[in-house]
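Notes follow once the structure below has been shown.
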Amino acid sequence: MTRHWWQLTGLVAGREIAERARAKSFWIASVVLLVAVAAGVLIPAAVHGSRSTARVGVIGGPAPALAQTVREAGRIAGTSVTIAALPDVAAARAGLRSGSLAVVLVGDSEVLVKQKPVAGAGSPAATLAGILSQVGGLQKLYAELPPSAAARITSSGIALPIHGLTRPARGLASRITGLAAAILIYVIILTYGIRITIGVGEEKSSRVVEVLLTTLRPTQLLAGKVIGMGSLALTQVVILVGTYFALGYAVGSSAVRGAAGGVVLAGALWLLLGYMFYCTAYAAAGSLINRQADAYNASLPLQLPLILGYVLAYTAVYSSNVSWFYHLLGFVPFTAPVVMPVLVAVGAAPAWQMALSVAIIVVSTVAMARLAGKIYERAILRTGSRLRVRQVLRSAS
Amino acid sequence: MGRGVLELIGLSRRFGEVIALDQLSFTVPPGQVFGFLGPNGAGKTTAMRAIVGVAAVDSGEVRWNGQLIDQAARSRIGYMPEERGLYPAMQVTEQLSYLARLHGLSAPRARAAAAAWSERLGIGDRGQAKIETLSLGNQQRVQLAAALVHDPELLVLDEPFSGLDPAGVDAMSEVLAERAAAGVTMLFSSHQLDLVEHLCESVAIIHRGALVAYGKVADLTASGPLRVFVRVAGDEAGRWALGLGDIAVVEKVTGGTAVLGLRNRADAQAVLDRARAAGPVEEFGFVRRKLSEVFRDAVGSPAPAMSAPGASA
């Protein structure tokens with residue numbers, strides 16, 4: 001594939017992008033997706049309390065030790081903390097009154113809050129204050145221990161081990177993220193796929209393909225189209241994932257901490273793999289039709305596996321034990337793009353399974369591109385009635 | 001073969017039971033308006049699609065500049081397909097410069113060429129319009145511009161005159177003549193033999209996929225049975241000609257002008273003498289055949305489907 005080959009293919013891709021970017025429907029769909037992702041991050045954060053980053057003041061004592069105590073308390077409370085060293089109690093009182101401080105730790109003697117919580121009340125600030133008082137108390141006790149006991153605690157810690165009756169499972173946040181990822185992957189592959197089918201069908205039915213193919217090879221036209229659409233899809237995914245993490249960190253959402261962030265990255269990976277696997281097949285479907293109205297029917301067989309994986313995702317997300325059938329679908333390249341992120345989200349996909357699934361889909365992508373290229377090349381110039389795949393493959397070009 | 005020469009050598013193509021091309025061979029020289037004629041279904045479109053590489057042939061080859069035509073050579077072809085082909089939702093200027101760039105022009109040159117050809121073909125003010133919003137005549141102009149925008153060395157135009165109004169036919173004829181004068185090799189097809197006869201310098205006429213007539217229009221129309229037309233003043237029925245006997249046969253008399261078939265060229269003078277003896281001769285000349293007659297004489301039957309444009313293979 002020479003430089004010239006890529007130049008022409010690049011021209012095709014460039015036209016694809018320019019034409020798509022001009023369509024109003026593209027921008028509407030993109031904005032809707034972006035709003036959906038933003039809402040997915042912001043709404044749970046809003047429900048769980050406006051800010052879960054607490055500003056904690058410290059007075060007196062060795063500052064590093066106090067900061068250590070505050071961070072430990074924040075970790076246990078599930079609240080991210082920022083620490084402010086204060087000169088005196090007057091400054092602490094002022095900060096608490098104005099609301100710029102949530103809690104103040106005074107040396108190893110006391111914890112100050114604006115209003116002492118009644119028992120059972122559970123605002124994040126109150127929880128943090130409660131845990132801070134406990135951790136601070138333990139810290140004080142620890143300082144008074146004889147050196148030998150202190151050394152023993154430092155080496156083994158004081159926490160007792162926890163043993164569960166069933167295997168560890170991912171939390172609800174991770175599962176919901178997995179389901180959302182499955183929906184987005186399904187929507188994006190379908191939207192871009194059908195766009196490709198329609199675009200190829202349009203070139204065929206308007207006969208412009210005859211003019212194009214005097215100077216382009218069919219593979220260039222096909223490659224340019226899927227690369228153009230693919231770069232749009234990639235840009236869109238980068239923007240969506242970027243928005244997810246940026247908003248998540250900005251509001252301190254639990255959605256970006258721990259497992260859920262990994263689920264989003266897995267979703268992005270399988271979305272790209274899924275697009276690469278499916279894009280050429282959607283183009284081949286477009287080469288079989290003669291009227292644009294047939295685009296949806298022709299691409300229906302390509303939509304069904306994704307729909308299956310997506311529908312079954314609901315059962316997997318809410319069950320404690322994922323069925324062997326769903327695991328199996330994770331190895332099938334047609335369904336893996338939706339199934340694998342869900343398996344990752346529920347914590348049911350070990351590393352070897354992910355690696356094998358990726359390997360299978362990469363190999364299948366090459367095979368699919370070859371088959372689709374062959375169908376496309378033979379069908380794109382054959383006008384008349386709608387063609388069948390078998391009929392195209394049986395005939396010579 | 002030399003520079004600019006297009007050669008079709010033994011092209012054959014079957015579609016099931018239908019023979020579209022049957023050992024079709026002929027040569028198109030550069031710098032001539034060259035017509036590729038024949039009735040609907042004669043195989044013109046199949047041959048042209050084979051030249052531009054969008055249809056395969058079962059056997060035979062196409063040579064250009066003496067070499068097998070390949071992808072690089074094809075980027076110097078300007079092609080106008082029979083069923084037309086443009087992106088319906090794309091703007092005129094953008095579409096033309098895109099096609100020019102696909103044929104190897106740089107972006108600025110492509111834009112300049114798109115603008116220049118739009119202007120030349122009278123659609124300069126429609127540059128921002130989408131193709132689908134244009135009238136059919138204007139779409140046809142864009143289609144021609146699309147074939148010309150990269151300054152091709154070989155033009156392959158499938159039925160360029162179909163669907164054009166008289167002004168469009170004139171504009172198209174003018175462009176073809178001008179391109180031929182610029183040294184471009186050109187092959188354009190038509191099923192309306194008589195309509196394009198005066199445009200073409202040379203023609204290839206095919207029937208059922210095979211060549212039936214080929215050469216300069218002047219030679220083809222001057223060949224064949226020799227005929228003269230004669231008009232003698234005051235003899236509306238052409239009665240003077242009845243006595244010509246063995247040197248000429250009266251074929252028809254219309255409005256006093258008699259068309260006579262001769263055995264040989266020398267007899268023409270004898271006919272003229274007899275006419276002058278009968279009265280003042282107002283008209284006298286050799287009758288040239290029409291291309292449709294050349295066709296009919298070659299295949300033994302009138303060219304079918306000379307009027308309605310439609311599905312030609």
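Order determines the names: the first chain of the structure tokens is A, the second B, and so forth; residues in each chain are numbered 1 upward, and ligands are numbered 1 upward as they are shown.
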Interface, chain B side, toward chain A (9 Å; only C-alpha atoms) as a ChimeraX atom specification: /B:49,52-56,71-81,83-90,98-99,101-104,146-147
Exercise: A:Ala298 partners within 12 Å, only C-alpha atoms, chain neighbours under 2 positions left out, as a PyMOL selection string: chain A and resi 193-194+196-198+200-201+281-296+300-304+386-389
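For B:Val281, the non-local neighbours within 7 Å, defined as residues at least 3 positions apart in the same chain or in other chains and counting only C-alpha atoms, are Arg231, Val232, Ala233, Ala275 and Arg276 of chain B.
Atom CA of A:Pro87 is found 8.8 Å from atom CA of A:Val58.
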Contact residues around B:Glu82 with only C-alpha atoms at 8 Å, ignoring same-chain residues under 6 positions, as a count of residues only: 5
Every residue of stretch 1-101 of chain A that DSSP places in helix (DSSP H, G or I), as a PyMOL selection string: chain A and resi 3-22+24-47+63-77+89-98
